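Colleague: So here's structure04.txt, just compact mmCIF, N, CA and C atoms:
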# COMPACT_ATOMS: atom_id res chain seq x y z
N MET A 3 -10.29 4.24 -0.44
CA MET A 3 -10.73 5.23 0.51
C MET A 3 -12.16 5.65 0.19
N ASN A 4 -12.47 5.78 -1.08
CA ASN A 4 -13.82 6.21 -1.45
C ASN A 4 -14.86 5.22 -0.96
N LYS A 5 -14.56 3.92 -1.03
CA LYS A 5 -15.51 2.91 -0.55
C LYS A 5 -15.71 3.02 0.95
N VAL A 6 -14.62 3.22 1.68
CA VAL A 6 -14.70 3.35 3.13
C VAL A 6 -15.51 4.58 3.50
N LEU A 7 -15.23 5.68 2.80
CA LEU A 7 -15.94 6.92 3.08
C LEU A 7 -17.43 6.81 2.73
N LEU A 8 -17.73 6.12 1.65
CA LEU A 8 -19.12 5.93 1.26
C LEU A 8 -19.85 5.09 2.29
N VAL A 9 -19.21 4.02 2.75
CA VAL A 9 -19.82 3.17 3.78
C VAL A 9 -20.03 3.97 5.06
N LEU A 10 -19.03 4.75 5.45
CA LEU A 10 -19.15 5.57 6.66
C LEU A 10 -20.30 6.56 6.53
N ALA A 11 -20.42 7.20 5.39
CA ALA A 11 -21.51 8.15 5.17
C ALA A 11 -22.87 7.45 5.22
N CYS A 12 -22.96 6.29 4.60
CA CYS A 12 -24.23 5.55 4.61
C CYS A 12 -24.61 5.12 6.01
N VAL A 13 -23.65 4.62 6.77
CA VAL A 13 -23.93 4.20 8.14
C VAL A 13 -24.40 5.39 8.97
N PHE A 14 -23.72 6.50 8.83
CA PHE A 14 -24.11 7.70 9.58
C PHE A 14 -25.53 8.12 9.21
N MET A 15 -25.85 8.11 7.92
CA MET A 15 -27.19 8.51 7.50
C MET A 15 -28.25 7.55 8.01
N LEU A 16 -27.94 6.25 8.03
CA LEU A 16 -28.90 5.28 8.54
C LEU A 16 -29.13 5.45 10.03
N ILE A 17 -28.05 5.69 10.77
CA ILE A 17 -28.17 5.86 12.21
C ILE A 17 -29.02 7.07 12.55
N THR A 18 -28.81 8.13 11.82
CA THR A 18 -29.50 9.38 12.16
C THR A 18 -30.82 9.56 11.44
N SER A 19 -31.20 8.64 10.57
CA SER A 19 -32.39 8.86 9.75
C SER A 19 -33.71 8.63 10.47
N SER A 20 -33.74 7.84 11.53
CA SER A 20 -35.01 7.58 12.20
C SER A 20 -35.51 8.84 12.89
N GLY A 21 -36.54 9.46 12.32
CA GLY A 21 -37.11 10.67 12.87
C GLY A 21 -36.26 11.90 12.60
N TYR A 22 -35.15 11.72 11.96
CA TYR A 22 -34.22 12.82 11.72
C TYR A 22 -34.81 13.89 10.82
N SER A 23 -35.57 13.48 9.84
CA SER A 23 -36.09 14.46 8.88
C SER A 23 -37.11 15.39 9.50
N GLN A 24 -37.67 15.02 10.65
CA GLN A 24 -38.69 15.84 11.28
C GLN A 24 -38.15 16.78 12.36
N GLN A 25 -36.91 16.60 12.74
CA GLN A 25 -36.39 17.43 13.81
C GLN A 25 -35.04 18.03 13.42
N ILE A 26 -34.79 19.20 13.96
CA ILE A 26 -33.51 19.84 13.74
C ILE A 26 -32.66 19.55 14.96
N THR A 27 -31.49 18.96 14.74
CA THR A 27 -30.61 18.57 15.83
C THR A 27 -29.62 19.70 16.13
N ASP A 28 -28.92 19.53 17.24
CA ASP A 28 -27.86 20.48 17.57
C ASP A 28 -26.80 20.50 16.48
N GLU A 29 -26.51 19.32 15.93
CA GLU A 29 -25.51 19.24 14.86
C GLU A 29 -25.95 20.05 13.64
N ASP A 30 -27.27 20.04 13.34
CA ASP A 30 -27.79 20.84 12.22
C ASP A 30 -27.56 22.32 12.46
N ARG A 31 -27.88 22.77 13.67
CA ARG A 31 -27.72 24.19 13.99
C ARG A 31 -26.25 24.61 13.93
N VAL A 32 -25.40 23.80 14.51
CA VAL A 32 -23.98 24.12 14.51
C VAL A 32 -23.44 24.09 13.08
N PHE A 33 -23.86 23.09 12.31
CA PHE A 33 -23.38 23.02 10.92
C PHE A 33 -23.83 24.24 10.12
N GLN A 34 -25.04 24.72 10.35
CA GLN A 34 -25.50 25.92 9.64
C GLN A 34 -24.57 27.10 9.90
N SER A 35 -24.13 27.23 11.14
CA SER A 35 -23.20 28.30 11.48
C SER A 35 -21.85 28.10 10.80
N ILE A 36 -21.35 26.88 10.86
CA ILE A 36 -20.08 26.56 10.20
C ILE A 36 -20.20 26.80 8.70
N GLN A 37 -21.32 26.37 8.13
CA GLN A 37 -21.56 26.51 6.69
C GLN A 37 -21.47 27.98 6.28
N GLU A 38 -22.12 28.85 7.02
CA GLU A 38 -22.09 30.28 6.70
C GLU A 38 -20.67 30.81 6.74
N ASP A 39 -19.92 30.44 7.78
CA ASP A 39 -18.54 30.90 7.91
C ASP A 39 -17.67 30.39 6.76
N LEU A 40 -17.80 29.11 6.42
CA LEU A 40 -16.99 28.54 5.36
C LEU A 40 -17.30 29.18 4.01
N LEU A 41 -18.56 29.45 3.75
CA LEU A 41 -18.93 30.11 2.50
C LEU A 41 -18.36 31.53 2.43
N GLN A 42 -18.40 32.22 3.56
CA GLN A 42 -17.84 33.58 3.60
C GLN A 42 -16.34 33.59 3.44
N ARG A 43 -15.69 32.49 3.78
CA ARG A 43 -14.23 32.43 3.72
C ARG A 43 -13.71 31.75 2.47
N GLY A 44 -14.57 31.58 1.45
CA GLY A 44 -14.07 31.16 0.16
C GLY A 44 -14.34 29.74 -0.28
N LEU A 45 -14.95 28.92 0.55
CA LEU A 45 -15.29 27.59 0.08
C LEU A 45 -16.51 27.70 -0.83
N THR A 46 -16.60 26.81 -1.78
CA THR A 46 -17.76 26.83 -2.68
C THR A 46 -18.95 26.15 -2.00
N ALA A 47 -20.12 26.45 -2.50
CA ALA A 47 -21.34 25.83 -1.96
C ALA A 47 -21.29 24.32 -2.13
N ILE A 48 -20.71 23.85 -3.22
CA ILE A 48 -20.61 22.41 -3.47
C ILE A 48 -19.66 21.76 -2.46
N GLU A 49 -18.52 22.40 -2.20
CA GLU A 49 -17.58 21.86 -1.21
C GLU A 49 -18.26 21.74 0.16
N VAL A 50 -18.94 22.80 0.55
CA VAL A 50 -19.58 22.82 1.87
C VAL A 50 -20.68 21.76 1.94
N ARG A 51 -21.49 21.68 0.89
CA ARG A 51 -22.56 20.68 0.88
C ARG A 51 -21.99 19.26 0.93
N ASN A 52 -20.90 19.02 0.22
CA ASN A 52 -20.31 17.68 0.19
C ASN A 52 -19.66 17.28 1.51
N MET A 53 -19.30 18.26 2.33
CA MET A 53 -18.69 17.90 3.62
C MET A 53 -19.68 17.96 4.77
N GLU A 54 -20.95 18.13 4.48
CA GLU A 54 -21.96 18.20 5.54
C GLU A 54 -21.99 16.93 6.38
N VAL A 55 -22.03 15.78 5.76
CA VAL A 55 -22.13 14.51 6.50
C VAL A 55 -20.91 14.29 7.40
N PRO A 56 -19.67 14.42 6.89
CA PRO A 56 -18.55 14.17 7.80
C PRO A 56 -18.44 15.22 8.92
N VAL A 57 -18.79 16.47 8.63
CA VAL A 57 -18.73 17.48 9.68
C VAL A 57 -19.77 17.18 10.75
N LYS A 58 -20.99 16.86 10.33
CA LYS A 58 -22.04 16.53 11.31
C LYS A 58 -21.67 15.27 12.09
N ASN A 59 -21.02 14.33 11.44
CA ASN A 59 -20.57 13.12 12.13
C ASN A 59 -19.59 13.47 13.24
N MET A 60 -18.64 14.35 12.94
CA MET A 60 -17.67 14.75 13.95
C MET A 60 -18.36 15.50 15.09
N LEU A 61 -19.31 16.36 14.75
CA LEU A 61 -20.06 17.09 15.79
C LEU A 61 -20.88 16.13 16.64
N TYR A 62 -21.45 15.12 15.99
CA TYR A 62 -22.28 14.14 16.69
C TYR A 62 -21.51 13.39 17.77
N VAL A 63 -20.23 13.11 17.50
CA VAL A 63 -19.43 12.39 18.48
C VAL A 63 -18.72 13.33 19.46
N GLY A 64 -19.07 14.61 19.41
CA GLY A 64 -18.59 15.56 20.41
C GLY A 64 -17.41 16.42 20.01
N ALA A 65 -17.10 16.49 18.74
CA ALA A 65 -15.99 17.32 18.30
C ALA A 65 -16.31 18.80 18.50
N ASP A 66 -15.29 19.58 18.76
CA ASP A 66 -15.44 21.02 18.92
C ASP A 66 -15.64 21.67 17.56
N ALA A 67 -16.73 22.42 17.41
CA ALA A 67 -17.09 23.03 16.13
C ALA A 67 -16.01 23.98 15.63
N GLU A 68 -15.44 24.76 16.53
CA GLU A 68 -14.40 25.71 16.12
C GLU A 68 -13.17 24.99 15.58
N GLN A 69 -12.81 23.88 16.22
CA GLN A 69 -11.65 23.12 15.76
C GLN A 69 -11.91 22.50 14.39
N VAL A 70 -13.12 21.99 14.19
CA VAL A 70 -13.47 21.41 12.89
C VAL A 70 -13.39 22.49 11.81
N GLU A 71 -14.01 23.63 12.07
CA GLU A 71 -14.01 24.72 11.10
C GLU A 71 -12.59 25.20 10.81
N LYS A 72 -11.79 25.38 11.86
CA LYS A 72 -10.41 25.84 11.69
C LYS A 72 -9.62 24.87 10.83
N THR A 73 -9.80 23.59 11.07
CA THR A 73 -9.07 22.59 10.30
C THR A 73 -9.46 22.62 8.83
N VAL A 74 -10.76 22.74 8.56
CA VAL A 74 -11.21 22.82 7.17
C VAL A 74 -10.59 24.04 6.50
N LEU A 75 -10.59 25.17 7.19
CA LEU A 75 -10.01 26.39 6.62
C LEU A 75 -8.50 26.25 6.42
N ASP A 76 -7.82 25.57 7.34
CA ASP A 76 -6.38 25.33 7.18
C ASP A 76 -6.11 24.48 5.94
N LEU A 77 -6.92 23.44 5.74
CA LEU A 77 -6.75 22.59 4.56
C LEU A 77 -6.98 23.39 3.29
N LYS A 78 -7.98 24.24 3.31
CA LYS A 78 -8.28 25.10 2.15
C LYS A 78 -7.10 26.03 1.89
N GLN A 79 -6.55 26.60 2.95
CA GLN A 79 -5.43 27.52 2.81
C GLN A 79 -4.18 26.83 2.27
N MET A 80 -4.06 25.53 2.55
CA MET A 80 -2.93 24.75 2.01
C MET A 80 -3.05 24.55 0.50
N GLY A 81 -4.25 24.77 -0.03
CA GLY A 81 -4.45 24.60 -1.46
C GLY A 81 -5.39 23.46 -1.82
N LEU A 82 -5.92 22.76 -0.83
CA LEU A 82 -6.87 21.69 -1.13
C LEU A 82 -8.18 22.32 -1.56
N LYS A 83 -8.79 21.72 -2.56
CA LYS A 83 -10.07 22.22 -3.04
C LYS A 83 -10.85 21.11 -3.69
N GLY A 84 -12.13 21.36 -3.86
CA GLY A 84 -13.00 20.41 -4.55
C GLY A 84 -13.02 19.06 -3.87
N ARG A 85 -12.92 18.03 -4.68
CA ARG A 85 -13.02 16.64 -4.21
C ARG A 85 -11.92 16.29 -3.22
N VAL A 86 -10.72 16.81 -3.44
CA VAL A 86 -9.61 16.50 -2.54
C VAL A 86 -9.90 17.07 -1.15
N LEU A 87 -10.45 18.27 -1.09
CA LEU A 87 -10.79 18.88 0.20
C LEU A 87 -11.88 18.09 0.91
N THR A 88 -12.93 17.76 0.19
CA THR A 88 -14.02 17.02 0.85
C THR A 88 -13.58 15.61 1.24
N ASP A 89 -12.74 14.98 0.44
CA ASP A 89 -12.20 13.66 0.83
C ASP A 89 -11.35 13.78 2.09
N ALA A 90 -10.60 14.87 2.22
CA ALA A 90 -9.78 15.07 3.41
C ALA A 90 -10.67 15.23 4.65
N VAL A 91 -11.79 15.92 4.51
CA VAL A 91 -12.71 16.08 5.64
C VAL A 91 -13.37 14.74 5.98
N PHE A 92 -13.73 13.95 4.97
CA PHE A 92 -14.25 12.61 5.23
C PHE A 92 -13.20 11.77 5.96
N SER A 93 -11.94 11.90 5.57
CA SER A 93 -10.87 11.16 6.23
C SER A 93 -10.76 11.55 7.70
N MET A 94 -10.86 12.84 7.97
CA MET A 94 -10.84 13.29 9.37
C MET A 94 -12.00 12.66 10.14
N SER A 95 -13.18 12.70 9.55
CA SER A 95 -14.36 12.13 10.19
C SER A 95 -14.17 10.65 10.47
N TYR A 96 -13.57 9.94 9.54
CA TYR A 96 -13.31 8.52 9.71
C TYR A 96 -12.39 8.29 10.91
N LEU A 97 -11.32 9.07 11.01
CA LEU A 97 -10.41 8.92 12.14
C LEU A 97 -11.09 9.25 13.46
N VAL A 98 -11.93 10.28 13.46
CA VAL A 98 -12.67 10.63 14.68
C VAL A 98 -13.60 9.48 15.07
N SER A 99 -14.24 8.86 14.08
CA SER A 99 -15.12 7.73 14.38
C SER A 99 -14.35 6.53 14.90
N MET A 100 -13.05 6.46 14.60
CA MET A 100 -12.19 5.38 15.09
C MET A 100 -11.66 5.67 16.50
N GLY A 101 -11.95 6.88 17.00
CA GLY A 101 -11.53 7.21 18.36
C GLY A 101 -10.50 8.32 18.46
N ALA A 102 -10.05 8.85 17.35
CA ALA A 102 -9.09 9.95 17.38
C ALA A 102 -9.80 11.25 17.75
N SER A 103 -9.07 12.16 18.35
CA SER A 103 -9.62 13.49 18.58
C SER A 103 -9.59 14.27 17.26
N VAL A 104 -10.33 15.36 17.22
CA VAL A 104 -10.30 16.19 16.01
C VAL A 104 -8.89 16.71 15.78
N GLN A 105 -8.21 17.10 16.85
CA GLN A 105 -6.85 17.60 16.71
C GLN A 105 -5.94 16.53 16.12
N GLU A 106 -6.08 15.30 16.59
CA GLU A 106 -5.25 14.21 16.09
C GLU A 106 -5.57 13.91 14.62
N ALA A 107 -6.86 13.89 14.29
CA ALA A 107 -7.27 13.65 12.90
C ALA A 107 -6.77 14.77 12.00
N ALA A 108 -6.89 15.99 12.49
CA ALA A 108 -6.42 17.15 11.71
C ALA A 108 -4.91 17.07 11.49
N PHE A 109 -4.18 16.69 12.54
CA PHE A 109 -2.73 16.57 12.44
C PHE A 109 -2.34 15.52 11.40
N THR A 110 -3.04 14.39 11.41
CA THR A 110 -2.75 13.32 10.46
C THR A 110 -3.02 13.77 9.03
N VAL A 111 -4.21 14.33 8.80
CA VAL A 111 -4.61 14.72 7.45
C VAL A 111 -3.79 15.91 6.95
N SER A 112 -3.69 16.95 7.77
CA SER A 112 -2.97 18.14 7.30
C SER A 112 -1.47 17.86 7.19
N GLY A 113 -0.95 17.00 8.08
CA GLY A 113 0.46 16.64 7.98
C GLY A 113 0.78 15.92 6.67
N ALA A 114 -0.09 14.97 6.32
CA ALA A 114 0.11 14.25 5.05
C ALA A 114 -0.04 15.20 3.87
N ALA A 115 -1.00 16.11 3.95
CA ALA A 115 -1.21 17.07 2.86
C ALA A 115 0.01 17.98 2.72
N LYS A 116 0.49 18.49 3.84
CA LYS A 116 1.64 19.41 3.80
C LYS A 116 2.88 18.74 3.22
N LYS A 117 3.18 17.53 3.69
CA LYS A 117 4.35 16.81 3.18
C LYS A 117 4.24 16.56 1.68
N SER A 118 3.03 16.19 1.26
CA SER A 118 2.83 15.88 -0.16
C SER A 118 2.94 17.14 -1.02
N ILE A 119 2.35 18.22 -0.55
CA ILE A 119 2.41 19.48 -1.30
C ILE A 119 3.86 19.96 -1.41
N GLU A 120 4.62 19.81 -0.33
CA GLU A 120 6.04 20.19 -0.37
C GLU A 120 6.81 19.39 -1.40
N ARG A 121 6.37 18.16 -1.66
CA ARG A 121 7.02 17.32 -2.67
C ARG A 121 6.41 17.55 -4.06
N GLY A 122 5.48 18.50 -4.16
CA GLY A 122 4.90 18.84 -5.46
C GLY A 122 3.73 17.97 -5.85
N ILE A 123 3.19 17.22 -4.93
CA ILE A 123 2.07 16.33 -5.22
C ILE A 123 0.77 17.09 -5.03
N MET A 124 -0.10 17.02 -6.02
CA MET A 124 -1.40 17.70 -5.95
C MET A 124 -2.47 16.81 -6.57
N GLY A 125 -3.71 17.27 -6.48
CA GLY A 125 -4.82 16.58 -7.12
C GLY A 125 -5.09 15.20 -6.56
N LYS A 126 -5.40 14.28 -7.46
CA LYS A 126 -5.75 12.92 -7.05
C LYS A 126 -4.61 12.24 -6.30
N ASN A 127 -3.38 12.51 -6.71
CA ASN A 127 -2.23 11.91 -6.03
C ASN A 127 -2.11 12.42 -4.60
N LEU A 128 -2.50 13.67 -4.37
CA LEU A 128 -2.52 14.20 -3.01
C LEU A 128 -3.54 13.45 -2.16
N ALA A 129 -4.70 13.21 -2.74
CA ALA A 129 -5.75 12.46 -2.04
C ALA A 129 -5.25 11.05 -1.68
N ILE A 130 -4.49 10.45 -2.57
CA ILE A 130 -3.94 9.11 -2.32
C ILE A 130 -2.95 9.14 -1.15
N GLU A 131 -2.12 10.17 -1.10
CA GLU A 131 -1.15 10.29 0.00
C GLU A 131 -1.87 10.49 1.34
N ILE A 132 -2.93 11.30 1.34
CA ILE A 132 -3.71 11.50 2.55
C ILE A 132 -4.35 10.18 2.97
N GLU A 133 -4.88 9.45 2.00
CA GLU A 133 -5.50 8.15 2.28
C GLU A 133 -4.51 7.19 2.92
N LYS A 134 -3.28 7.16 2.42
CA LYS A 134 -2.25 6.27 3.00
C LYS A 134 -2.01 6.62 4.47
N ALA A 135 -1.89 7.91 4.76
CA ALA A 135 -1.64 8.34 6.14
C ALA A 135 -2.82 8.00 7.05
N VAL A 136 -4.04 8.17 6.53
CA VAL A 136 -5.24 7.86 7.31
C VAL A 136 -5.34 6.36 7.57
N LYS A 137 -5.05 5.55 6.57
CA LYS A 137 -5.06 4.10 6.76
C LYS A 137 -4.05 3.67 7.81
N LYS A 138 -2.86 4.26 7.74
CA LYS A 138 -1.81 3.93 8.71
C LYS A 138 -2.28 4.29 10.12
N ARG A 139 -2.81 5.49 10.28
CA ARG A 139 -3.25 5.92 11.62
C ARG A 139 -4.46 5.11 12.09
N SER A 140 -5.37 4.76 11.20
CA SER A 140 -6.53 3.96 11.62
C SER A 140 -6.10 2.57 12.06
N ARG A 141 -5.08 1.99 11.41
CA ARG A 141 -4.55 0.71 11.87
C ARG A 141 -3.95 0.83 13.27
N GLU A 142 -3.23 1.94 13.50
CA GLU A 142 -2.66 2.17 14.82
C GLU A 142 -3.75 2.31 15.88
N LEU A 143 -4.81 3.04 15.54
CA LEU A 143 -5.92 3.20 16.48
C LEU A 143 -6.58 1.85 16.76
N TRP A 144 -6.74 1.04 15.72
CA TRP A 144 -7.33 -0.28 15.88
C TRP A 144 -6.47 -1.15 16.79
N ASP A 145 -5.15 -1.11 16.56
CA ASP A 145 -4.25 -1.90 17.38
C ASP A 145 -4.26 -1.45 18.84
N GLU A 146 -4.41 -0.16 19.06
CA GLU A 146 -4.48 0.37 20.43
C GLU A 146 -5.72 -0.14 21.17
N LYS A 147 -6.80 -0.39 20.42
CA LYS A 147 -8.04 -0.86 21.03
C LYS A 147 -7.97 -2.34 21.39
N GLN A 148 -7.08 -3.08 20.76
CA GLN A 148 -6.98 -4.53 20.98
C GLN A 148 -6.30 -4.85 22.26
Have the structure of the file written as structure tokens, please.
Modeller:
Amino acid sequence: MNKVLLVLACVFMLITSSGYSQQITDEDRVFQSIQEDLLQRGLTAIEVRNMEVPVKNMLYVGADAEQVEKTVLDLKQMGLKGRVLTDAVFSMSYLVSMGASVQEAAFTVSGAAKKSIERGIMGKNLAIEIEKAVKKRSRELWDEKQ
């Protein structure tokens, strides 16, 4: 999952890098607002900074900012934090880039997280369970496109 997420982040940065450093986009403005809200609601500066690329990616493809923010806060409330939280947001972004809606991506990621937490799975193992669910759903999305 980390390799897929790294490739996705690199592709997104390459696509948006031409002239990007000189202009502030709508995604930048919206992310600044989301960033302030997330920081006020208990996310760390590192968590917010690490999820900047996947959040902007979702905004870039037309995701609703309120839905993205709500989903991140829901994941945080479930107990996800640090690397597991940011990996979950990258996973959502990946599903959105595959054609899923934010709601569908959130359902997949939060559903996998909730089931795993109920079984007592946390930390890296929780991230693995989320990755399995995301891979399964991305295969389904791919098959639907064929």
Colleague: For the atom pair atom CA of A:Lys72 and atom CA of A:Trp144, what is the interatomic distance in Å to one decimal place?
Modeller: 26.6 Å
Colleague: Please, what distance in Å, to one decimal, runs between atom CA of A:Glu29 and atom CA of A:Leu61?
Modeller: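 Between these atoms lies a distance of 5.9 Å.
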Colleague: So that I can see what lies close to A:Glu106, please list as a ChimeraX atom specification the residues with an atom at most 8 Å from it, counting all atoms listed in the file and leaving out residues fewer than 5 positions away in the same chain.
Modeller: /A:94,97-98,111-112
Colleague: Could you give me, as JSON, numbers by chain, the residues within 7 Å of stretch 56-60 of chain A, counting only C-alpha atoms and dropping anything in the same chain fewer than 6 positions from it?
Modeller: {"A": [14, 29, 33, 91, 92, 95, 98]}
Colleague: Would you return as a ChimeraX atom specification the members of stretch 14-83 of chain A that DSSP assigns to helix (DSSP H, G or I) on this structure's backbone?
Modeller: /A:14-19,22-24,28-42,47-52,54-62,67-80
Colleague: Between atom C of A:Phe109 and atom C of A:Asp28, what is the spacing in Å?
Modeller: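 Interatomic distance here is 25.5 Å.
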Colleague: For each of A:Gln42, A:Asn52, A:Gln69, A:Ser99, take the minimum atom-to-atom distance to A:Arg85, counting only C-alpha atoms, then give the residue where this is smallest.
Modeller: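 Ranking A:Gln42, A:Asn52, A:Gln69, A:Ser99 by distance to A:Arg85, first place goes to A:Asn52.
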Colleague: Within 5 Å of (-8.6, 11.8, 3.5), in the coordinates the file gives, what residues turn up when you count all atoms listed in the file, written out as a VMD selection string?
Modeller: chain A and resid 89 to 90 93 132 to 133
Colleague: Set up a box along x, y and z of the file covering all listed atoms of stretch 112-122 of chain A, add 3 Å on every one of the six sides, and write the centre and edge lengths in Å to one decimal, as lines of an AutoDock Vina configuration file.
Modeller:
center_x = 1.7
center_y = 17.2
center_z = 1.1
size_x = 16.7
size_y = 11.9
size_z = 19.9
Colleague: Tell me which of A:Glu38, A:Glu131, A:Glu68, A:Glu146 sits closest to A:Ser118, counting only N, CA and C atoms.
Modeller: A:Glu131
